[in-house]
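Reading through the structure tokens given below for one structure.
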Amino acid sequence: MLALVTLLALLAPQNPAPQVDWAELMRRYQADAAALQRSGAALDLGALKLEKLLPGELPREIGKRESAFFGSSWYEMLWVIGQGFGLKVDATADVFEQSFQRMTIGALPACYIPARKSIVIDEEQYTQDARFDHALLHALALASLDQQPGGLAALHAGANTDQMLCDRAWIGGRAEMLARQANGRGLRGGLTPSEERSGIFALVGLAGDAEVARQERLPEAQRARPASGSALLHGAPPFSPAAVALDGLEPPGTRLLRADALGELGLRFVLSMAGAHPVQAIAAGIGLRGDELRLWKAGERERAFAWRLVFASESDARELEELLGKLARGTRTRRGPVLDWCFANKPELEEQIAKALAALGAPPALPESEARAALEFQAACLARQPRMQGERWLLPELDLAWKLPAGWTPSFYQADAIVYLGPPDDGFRDNLTFHEYALPADATAEKVLEGARKSFAGRSGAKLVRAELTQTPAGSGVLVEYTQTAGTRELHQLELQLVLPGRKQAVTATVLEKHWAALGAGVAALLGSTERSAPAEPKK
């Protein structure tokens, strides 16, 4: 991901946020709340505050919200797991907690703080477009959920990591459903899933979207809180869970800090911390039947953990074993579908734990019929992920496909697919990005072309090279070529905008200007050959 964060920061709007007109903001606040209420959500505005905080106070309030939700020992567990992955972490767990929160809390123009019973406006992130209303509707929806019996605090009381992350995604998913229902009534236009995904679910974004999609297909009476991360992501898996217990595993001279089950969401989450390819993390997690992790303290500085993971099949355990072999330190042992991993920052303590862990009995394997059903289930899940299929790279979310030239590497930035066009240079990597945007129902390629040309009028730091209608195997659209100055870099960009009913799919190549002479023709040829990943239905 070298310098992609820097690139995104450079390409973000350089103008400061518009000055907040609080009278106008209050009108928008009341209109959004009314839309939420009309869509069926119970919301008592009289029990809710709208406020701004002094600079620096909002991050502290959000940090307190996160600490109250997850608890300090959760961050200490992640701190030690990070060491097990060989990551450079802070010197103490307390400092790690603060750093981790800074990295994972998204910057939103409006957010709900349960402890204050208020929606706080971040003036520096304020916008005058649909993004603000989306964030505000999401915050109002969270407030609505918090006003129900038990509130948000009841969701995670005494929970393990699997349930906490599941609850977090479920809360976000339910709030997102309410926000989308309200926004469907004509508030400042709609946003596509990729736009909505950015920033809303900082920890488990894809899980939140999965919950929205799954729950929207269910009758209202069946929209219940899932019992686990796996149930949230997939519904009921076709194999039975495994009871995993590390009872009796108490190394002498240690104090138990946390006994936890991370589940599929937790496994994906810690693999993402280590930089695992998201599809590999999904493949390593969807066959998980059960797990338990124990974290110990020995003396002031020594920490250790033991983690047992039980899978539906031996091949599942082997996939994770191979992935951890590339990412992790510590001691790992696999016995059929059971994978054990332990780590300590004191070698003799790790050796002691590894021996004790190996001596514990393992749960029985699944019956053959369930194991077979599990493999079929996993294949169906992975078919929805970006992947190589022979020489073609498939992007099922957008139903697009390409034959990538040699050396062009598909990867991910957070939840979004990306293709790197070559090795890093000048702290930057030439890349292709893929997004989908909402369009008015009457939009045409000609109107999109006209809008693209107008968007460059008076725009500083960018120069339009060409904008024209184009035709590809995937459909018709617009091709826009332009140059742009971003910080100290000169960039050359070529964007294909495929126009579909109510939306457009944008494939954007962003290349250092000094590389364009070598890469430009190949980029143009690739965009011109864009095709659909799903085969067309045969004509009858």
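Residue numbering restarts at 1 in every chain; chains get A, B, ... in the order shown in the structure tokens, and ligands count up from 1 in that same order.
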Give me the residues near stretch 515-532 of chain A as a compact mmCIF listing (two decimals) with all heavy atoms, in the first residue's frame, where near means some atom within 10 Å (using only C-alpha atoms) and where sequence neighbours in that chain fewer than 3 positions away do not count.
# COMPACT_ATOMS: atom_id res chain seq x y z
N LEU A 394 -11.21 -10.67 -12.39
CA LEU A 394 -12.64 -10.41 -12.25
C LEU A 394 -12.92 -9.49 -11.08
O LEU A 394 -12.34 -9.64 -9.99
CB LEU A 394 -13.40 -11.73 -12.04
CG LEU A 394 -13.15 -12.85 -13.05
CD1 LEU A 394 -14.06 -14.03 -12.74
CD2 LEU A 394 -13.38 -12.36 -14.48
N LEU A 395 -13.83 -8.56 -11.28
CA LEU A 395 -14.30 -7.67 -10.22
C LEU A 395 -15.81 -7.83 -10.12
O LEU A 395 -16.58 -7.05 -10.70
CB LEU A 395 -13.92 -6.22 -10.54
CG LEU A 395 -14.11 -5.17 -9.46
CD1 LEU A 395 -13.27 -5.51 -8.24
CD2 LEU A 395 -13.73 -3.80 -9.98
N PRO A 396 -16.30 -8.87 -9.42
CA PRO A 396 -17.73 -9.19 -9.43
C PRO A 396 -18.62 -8.07 -8.91
O PRO A 396 -19.77 -7.95 -9.34
CB PRO A 396 -17.82 -10.44 -8.53
CG PRO A 396 -16.46 -11.06 -8.63
CD PRO A 396 -15.52 -9.91 -8.71
N LEU A 398 -18.63 -4.98 -9.51
CA LEU A 398 -19.01 -4.12 -10.62
C LEU A 398 -19.30 -4.90 -11.89
O LEU A 398 -19.61 -4.30 -12.93
CB LEU A 398 -17.91 -3.09 -10.90
CG LEU A 398 -17.54 -2.15 -9.76
CD1 LEU A 398 -16.51 -1.14 -10.22
CD2 LEU A 398 -18.77 -1.44 -9.21
N ASP A 399 -19.20 -6.23 -11.84
CA ASP A 399 -19.41 -7.08 -13.01
C ASP A 399 -18.49 -6.66 -14.16
O ASP A 399 -18.93 -6.50 -15.30
CB ASP A 399 -20.88 -7.04 -13.44
CG ASP A 399 -21.18 -8.01 -14.60
OD1 ASP A 399 -20.41 -8.99 -14.75
OD2 ASP A 399 -22.14 -7.76 -15.36
N LEU A 400 -17.20 -6.48 -13.84
CA LEU A 400 -16.22 -6.09 -14.84
C LEU A 400 -15.05 -7.05 -14.83
O LEU A 400 -14.78 -7.71 -13.82
CB LEU A 400 -15.72 -4.66 -14.57
CG LEU A 400 -16.76 -3.54 -14.68
CD1 LEU A 400 -16.15 -2.20 -14.28
CD2 LEU A 400 -17.35 -3.47 -16.09
N ALA A 401 -14.34 -7.12 -15.96
CA ALA A 401 -13.21 -8.04 -16.07
C ALA A 401 -12.19 -7.47 -17.05
O ALA A 401 -12.55 -6.73 -17.98
CB ALA A 401 -13.67 -9.42 -16.54
N TRP A 402 -10.92 -7.86 -16.85
CA TRP A 402 -9.83 -7.43 -17.72
C TRP A 402 -8.79 -8.54 -17.82
O TRP A 402 -8.65 -9.35 -16.90
CB TRP A 402 -9.11 -6.19 -17.16
CG TRP A 402 -9.98 -5.00 -17.00
CD1 TRP A 402 -10.18 -3.99 -17.88
CD2 TRP A 402 -10.80 -4.69 -15.86
NE1 TRP A 402 -11.06 -3.06 -17.37
CE2 TRP A 402 -11.46 -3.47 -16.14
CE3 TRP A 402 -11.05 -5.32 -14.64
CZ2 TRP A 402 -12.34 -2.87 -15.24
CZ3 TRP A 402 -11.92 -4.74 -13.75
CH2 TRP A 402 -12.56 -3.52 -14.05
N LYS A 403 -8.06 -8.54 -18.89
CA LYS A 403 -6.85 -9.35 -19.00
C LYS A 403 -5.69 -8.42 -18.67
O LYS A 403 -5.33 -7.55 -19.46
CB LYS A 403 -6.70 -9.93 -20.41
CG LYS A 403 -5.49 -10.83 -20.56
CD LYS A 403 -5.40 -11.41 -21.95
CE LYS A 403 -4.15 -12.26 -22.11
NZ LYS A 403 -4.02 -12.82 -23.49
N LEU A 404 -5.10 -8.61 -17.49
CA LEU A 404 -4.07 -7.69 -17.01
C LEU A 404 -2.72 -7.97 -17.67
O LEU A 404 -2.32 -9.14 -17.79
CB LEU A 404 -3.91 -7.79 -15.49
CG LEU A 404 -5.12 -7.40 -14.64
CD1 LEU A 404 -4.78 -7.54 -13.17
CD2 LEU A 404 -5.57 -5.98 -14.94
N PRO A 405 -2.00 -6.94 -18.10
CA PRO A 405 -0.64 -7.14 -18.62
C PRO A 405 0.29 -7.70 -17.54
O PRO A 405 0.03 -7.56 -16.34
CB PRO A 405 -0.21 -5.72 -19.03
CG PRO A 405 -1.49 -4.96 -19.21
CD PRO A 405 -2.45 -5.55 -18.22
N LEU A 421 0.36 -0.76 -11.21
CA LEU A 421 0.87 -0.90 -12.56
C LEU A 421 2.37 -1.15 -12.62
O LEU A 421 2.91 -1.42 -13.70
CB LEU A 421 0.54 0.34 -13.39
CG LEU A 421 -0.93 0.80 -13.34
CD1 LEU A 421 -1.14 1.95 -14.30
CD2 LEU A 421 -1.87 -0.34 -13.64
N GLY A 422 3.06 -1.04 -11.51
CA GLY A 422 4.50 -1.24 -11.51
C GLY A 422 5.05 -1.04 -10.11
O GLY A 422 4.29 -0.82 -9.16
N ASP A 425 7.76 4.30 -7.04
CA ASP A 425 8.73 5.29 -7.50
C ASP A 425 8.35 6.63 -6.87
O ASP A 425 7.19 7.04 -6.92
CB ASP A 425 8.71 5.40 -9.02
CG ASP A 425 9.73 6.40 -9.56
OD1 ASP A 425 10.66 6.76 -8.81
OD2 ASP A 425 9.61 6.81 -10.72
N ASP A 430 1.87 3.87 -9.43
CA ASP A 430 0.86 4.03 -10.48
C ASP A 430 -0.22 2.97 -10.29
O ASP A 430 0.07 1.81 -9.97
CB ASP A 430 1.51 3.84 -11.85
CG ASP A 430 2.70 4.78 -12.07
OD1 ASP A 430 2.58 5.96 -11.71
OD2 ASP A 430 3.72 4.32 -12.59
N ASN A 431 -1.49 3.36 -10.47
CA ASN A 431 -2.55 2.43 -10.12
C ASN A 431 -3.82 2.63 -10.93
O ASN A 431 -4.02 3.66 -11.58
CB ASN A 431 -2.87 2.56 -8.62
CG ASN A 431 -3.36 3.95 -8.27
OD1 ASN A 431 -4.49 4.31 -8.59
ND2 ASN A 431 -2.52 4.75 -7.62
N LEU A 432 -4.69 1.62 -10.85
CA LEU A 432 -6.06 1.69 -11.34
C LEU A 432 -6.99 1.57 -10.13
O LEU A 432 -6.80 0.70 -9.28
CB LEU A 432 -6.37 0.53 -12.29
CG LEU A 432 -5.62 0.45 -13.63
CD1 LEU A 432 -5.96 -0.87 -14.31
CD2 LEU A 432 -6.00 1.61 -14.52
N THR A 470 -17.13 6.93 -25.84
CA THR A 470 -16.36 5.73 -26.18
C THR A 470 -17.26 4.50 -26.07
O THR A 470 -18.32 4.54 -25.45
CB THR A 470 -15.14 5.58 -25.24
OG1 THR A 470 -14.29 4.54 -25.72
CG2 THR A 470 -15.58 5.23 -23.82
N GLN A 471 -16.81 3.44 -26.69
CA GLN A 471 -17.55 2.17 -26.66
C GLN A 471 -16.58 1.06 -26.29
O GLN A 471 -15.48 0.97 -26.84
CB GLN A 471 -18.17 1.88 -28.02
CG GLN A 471 -19.05 0.64 -28.07
CD GLN A 471 -20.35 0.82 -27.29
OE1 GLN A 471 -20.93 1.89 -27.30
NE2 GLN A 471 -20.80 -0.23 -26.63
N THR A 472 -16.97 0.21 -25.33
CA THR A 472 -16.16 -0.93 -24.89
C THR A 472 -17.02 -2.18 -24.92
O THR A 472 -18.26 -2.08 -25.00
CB THR A 472 -15.63 -0.72 -23.46
OG1 THR A 472 -16.71 -0.92 -22.53
CG2 THR A 472 -15.03 0.67 -23.27
N PRO A 473 -16.42 -3.36 -24.82
CA PRO A 473 -17.23 -4.59 -24.73
C PRO A 473 -18.18 -4.58 -23.53
O PRO A 473 -19.20 -5.27 -23.54
CB PRO A 473 -16.17 -5.68 -24.60
CG PRO A 473 -14.96 -5.13 -25.28
CD PRO A 473 -14.98 -3.66 -24.99
N ALA A 474 -17.86 -3.77 -22.49
CA ALA A 474 -18.72 -3.70 -21.31
C ALA A 474 -19.85 -2.70 -21.47
O ALA A 474 -20.74 -2.63 -20.62
CB ALA A 474 -17.89 -3.33 -20.08
N GLY A 475 -19.82 -1.90 -22.54
CA GLY A 475 -20.88 -0.92 -22.76
C GLY A 475 -20.32 0.42 -23.16
O GLY A 475 -19.11 0.60 -23.33
N LEU A 479 -14.72 8.74 -22.01
CA LEU A 479 -13.30 8.64 -21.72
C LEU A 479 -12.78 10.05 -21.45
O LEU A 479 -12.95 10.94 -22.29
CB LEU A 479 -12.55 8.00 -22.88
CG LEU A 479 -11.12 7.53 -22.59
CD1 LEU A 479 -11.12 6.36 -21.60
CD2 LEU A 479 -10.42 7.12 -23.88
N GLU A 481 -9.38 12.26 -20.23
CA GLU A 481 -7.94 12.27 -19.98
C GLU A 481 -7.55 13.66 -19.49
O GLU A 481 -7.96 14.66 -20.07
CB GLU A 481 -7.16 11.92 -21.25
CG GLU A 481 -5.65 11.85 -21.01
CD GLU A 481 -4.87 11.47 -22.27
OE1 GLU A 481 -5.52 11.13 -23.29
OE2 GLU A 481 -3.62 11.52 -22.23
N LEU A 491 0.74 14.34 -12.19
CA LEU A 491 0.04 13.09 -12.46
C LEU A 491 -0.68 13.17 -13.80
O LEU A 491 -1.18 14.23 -14.20
CB LEU A 491 -0.98 12.80 -11.36
CG LEU A 491 -0.43 12.69 -9.93
CD1 LEU A 491 -1.57 12.56 -8.94
CD2 LEU A 491 0.53 11.52 -9.81
N HIS A 492 -0.74 12.03 -14.48
CA HIS A 492 -1.50 11.90 -15.73
C HIS A 492 -2.60 10.88 -15.46
O HIS A 492 -2.33 9.79 -14.96
CB HIS A 492 -0.60 11.42 -16.85
CG HIS A 492 -1.11 11.79 -18.20
ND1 HIS A 492 -0.41 12.61 -19.07
CD2 HIS A 492 -2.26 11.48 -18.85
CE1 HIS A 492 -1.10 12.78 -20.19
NE2 HIS A 492 -2.23 12.10 -20.09
N GLN A 493 -3.85 11.26 -15.76
CA GLN A 493 -4.96 10.39 -15.42
C GLN A 493 -5.86 10.14 -16.63
O GLN A 493 -6.10 11.05 -17.45
CB GLN A 493 -5.76 10.99 -14.26
CG GLN A 493 -4.91 11.04 -12.98
CD GLN A 493 -5.62 11.70 -11.83
OE1 GLN A 493 -5.57 12.91 -11.68
NE2 GLN A 493 -6.24 10.90 -10.99
N LEU A 494 -6.32 8.92 -16.72
CA LEU A 494 -7.25 8.51 -17.78
C LEU A 494 -8.38 7.76 -17.11
O LEU A 494 -8.13 6.80 -16.37
CB LEU A 494 -6.54 7.62 -18.80
CG LEU A 494 -7.37 7.20 -20.02
CD1 LEU A 494 -7.78 8.42 -20.85
CD2 LEU A 494 -6.58 6.21 -20.89
N GLU A 495 -9.60 8.22 -17.34
CA GLU A 495 -10.74 7.62 -16.65
C GLU A 495 -11.80 7.17 -17.64
O GLU A 495 -12.23 7.94 -18.51
CB GLU A 495 -11.35 8.63 -15.67
CG GLU A 495 -12.53 8.06 -14.87
CD GLU A 495 -12.92 8.94 -13.72
OE1 GLU A 495 -12.23 8.89 -12.68
OE2 GLU A 495 -13.89 9.71 -13.85
N LEU A 496 -12.21 5.91 -17.51
CA LEU A 496 -13.33 5.37 -18.26
C LEU A 496 -14.57 5.43 -17.38
O LEU A 496 -14.57 4.91 -16.27
CB LEU A 496 -13.05 3.92 -18.66
CG LEU A 496 -14.22 3.14 -19.27
CD1 LEU A 496 -14.65 3.74 -20.61
CD2 LEU A 496 -13.88 1.66 -19.42
N GLN A 497 -15.62 6.09 -17.87
CA GLN A 497 -16.88 6.18 -17.13
C GLN A 497 -17.96 5.45 -17.91
O GLN A 497 -18.45 5.96 -18.93
CB GLN A 497 -17.27 7.65 -16.91
CG GLN A 497 -16.22 8.44 -16.15
CD GLN A 497 -16.63 9.89 -15.94
OE1 GLN A 497 -17.76 10.29 -16.23
NE2 GLN A 497 -15.71 10.70 -15.45
N LEU A 498 -18.30 4.24 -17.47
CA LEU A 498 -19.35 3.46 -18.12
C LEU A 498 -20.70 3.91 -17.57
O LEU A 498 -20.91 3.93 -16.36
CB LEU A 498 -19.14 1.97 -17.85
CG LEU A 498 -17.87 1.37 -18.47
CD1 LEU A 498 -17.64 -0.03 -17.92
CD2 LEU A 498 -17.96 1.35 -19.98
N VAL A 507 -13.43 3.69 -13.93
CA VAL A 507 -12.13 3.03 -13.81
C VAL A 507 -11.09 4.11 -14.08
O VAL A 507 -11.03 4.66 -15.18
CB VAL A 507 -11.98 1.88 -14.82
CG1 VAL A 507 -10.67 1.14 -14.57
CG2 VAL A 507 -13.16 0.92 -14.73
N THR A 508 -10.28 4.43 -13.08
CA THR A 508 -9.37 5.57 -13.17
C THR A 508 -7.93 5.11 -13.08
O THR A 508 -7.54 4.45 -12.11
CB THR A 508 -9.65 6.58 -12.04
OG1 THR A 508 -11.03 6.94 -12.06
CG2 THR A 508 -8.79 7.84 -12.21
N ALA A 509 -7.15 5.44 -14.08
CA ALA A 509 -5.70 5.20 -14.06
C ALA A 509 -5.01 6.47 -13.59
O ALA A 509 -5.25 7.55 -14.15
CB ALA A 509 -5.20 4.82 -15.45
N THR A 510 -4.17 6.35 -12.56
CA THR A 510 -3.44 7.50 -12.02
C THR A 510 -1.95 7.16 -12.10
O THR A 510 -1.48 6.23 -11.43
CB THR A 510 -3.85 7.80 -10.57
OG1 THR A 510 -5.26 7.99 -10.52
CG2 THR A 510 -3.15 9.05 -10.06
N VAL A 511 -1.23 7.91 -12.94
CA VAL A 511 0.15 7.56 -13.30
C VAL A 511 1.02 8.80 -13.15
O VAL A 511 0.60 9.92 -13.50
CB VAL A 511 0.22 7.04 -14.76
CG1 VAL A 511 1.64 6.70 -15.17
CG2 VAL A 511 -0.70 5.83 -14.93
N LEU A 512 2.23 8.64 -12.63
CA LEU A 512 3.16 9.75 -12.64
C LEU A 512 3.39 10.22 -14.07
O LEU A 512 3.55 9.40 -14.98
CB LEU A 512 4.49 9.33 -12.02
CG LEU A 512 4.51 9.11 -10.49
CD1 LEU A 512 5.86 8.55 -10.06
CD2 LEU A 512 4.21 10.41 -9.74
N PRO A 535 -20.98 -13.92 -17.82
CA PRO A 535 -21.35 -14.14 -19.22
C PRO A 535 -22.76 -13.65 -19.51
O PRO A 535 -23.63 -13.72 -18.66
CB PRO A 535 -21.25 -15.67 -19.37
CG PRO A 535 -21.38 -16.21 -17.98
CD PRO A 535 -20.78 -15.16 -17.07
N ALA A 536 -22.96 -13.12 -20.69
CA ALA A 536 -24.28 -12.62 -21.08
C ALA A 536 -25.28 -13.75 -21.17
O ALA A 536 -24.94 -14.90 -21.51
CB ALA A 536 -24.19 -11.88 -22.41
| Pick from A:Leu233, A:Ala374, A:Ala242, A:Pro440, whichever lies nearest to A:Pro501 using only C-alpha atoms |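 Once distances to A:Pro501 are computed over only C-alpha atoms, the minimum belongs to A:Pro440.
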| task | Could you pull out the residues in stretch 4-200 of chain A that DSSP calls strand (DSSP E or B) from the backbone, as a PyMOL selection string? | result | chain A and resi 49-51+110-113+118-121
What would the file look like if the residues just selected were written as a short mmCIF file (atom, residue, chain, number, x, y, z; two decimals), in the first residue's frame with N, CA, C and O atoms?
data_model
loop_
_atom_site.label_atom_id
_atom_site.label_comp_id
_atom_site.auth_asym_id
_atom_site.auth_seq_id
_atom_site.Cartn_x
_atom_site.Cartn_y
_atom_site.Cartn_z
N LYS A 49 -29.13 16.18 21.71
CA LYS A 49 -28.49 17.48 21.52
C LYS A 49 -27.76 17.50 20.18
O LYS A 49 -27.30 16.48 19.70
N LEU A 50 -27.65 18.70 19.61
CA LEU A 50 -26.79 18.94 18.45
C LEU A 50 -25.74 19.94 18.90
O LEU A 50 -26.07 21.02 19.37
N GLU A 51 -24.47 19.57 18.78
CA GLU A 51 -23.44 20.46 19.33
C GLU A 51 -22.15 20.35 18.53
O GLU A 51 -21.95 19.44 17.73
N ALA A 110 -20.49 14.41 10.89
CA ALA A 110 -21.44 14.30 12.00
C ALA A 110 -21.32 12.91 12.60
O ALA A 110 -21.22 11.93 11.87
N CYS A 111 -21.30 12.83 13.92
CA CYS A 111 -21.23 11.52 14.57
C CYS A 111 -22.01 11.55 15.88
O CYS A 111 -22.18 12.62 16.49
N TYR A 112 -22.47 10.39 16.29
CA TYR A 112 -23.27 10.26 17.51
C TYR A 112 -22.39 9.80 18.67
O TYR A 112 -21.62 8.85 18.52
N ILE A 113 -22.48 10.51 19.80
CA ILE A 113 -21.73 10.17 21.01
C ILE A 113 -22.74 9.70 22.06
O ILE A 113 -23.44 10.53 22.66
N SER A 118 -25.71 13.07 22.19
CA SER A 118 -25.64 14.20 21.28
C SER A 118 -25.03 13.79 19.95
O SER A 118 -24.27 12.83 19.85
N ILE A 119 -25.40 14.56 18.92
CA ILE A 119 -24.76 14.46 17.61
C ILE A 119 -23.81 15.64 17.50
O ILE A 119 -24.22 16.80 17.64
N VAL A 120 -22.56 15.33 17.28
CA VAL A 120 -21.52 16.35 17.24
C VAL A 120 -21.15 16.62 15.79
O VAL A 120 -20.91 15.69 15.01
N ILE A 121 -21.08 17.88 15.43
CA ILE A 121 -20.71 18.31 14.09
C ILE A 121 -19.23 18.67 14.09
O ILE A 121 -18.76 19.45 14.91
#
| query | Where does DSSP see alpha helix (DSSP H) in stretch 194-433 of chain A, if you list the residues as number ranges by chain? | reply | A: 194-197, 205-216, 229-234, 263-273, 278-285, 314-327, 347-358, 368-382
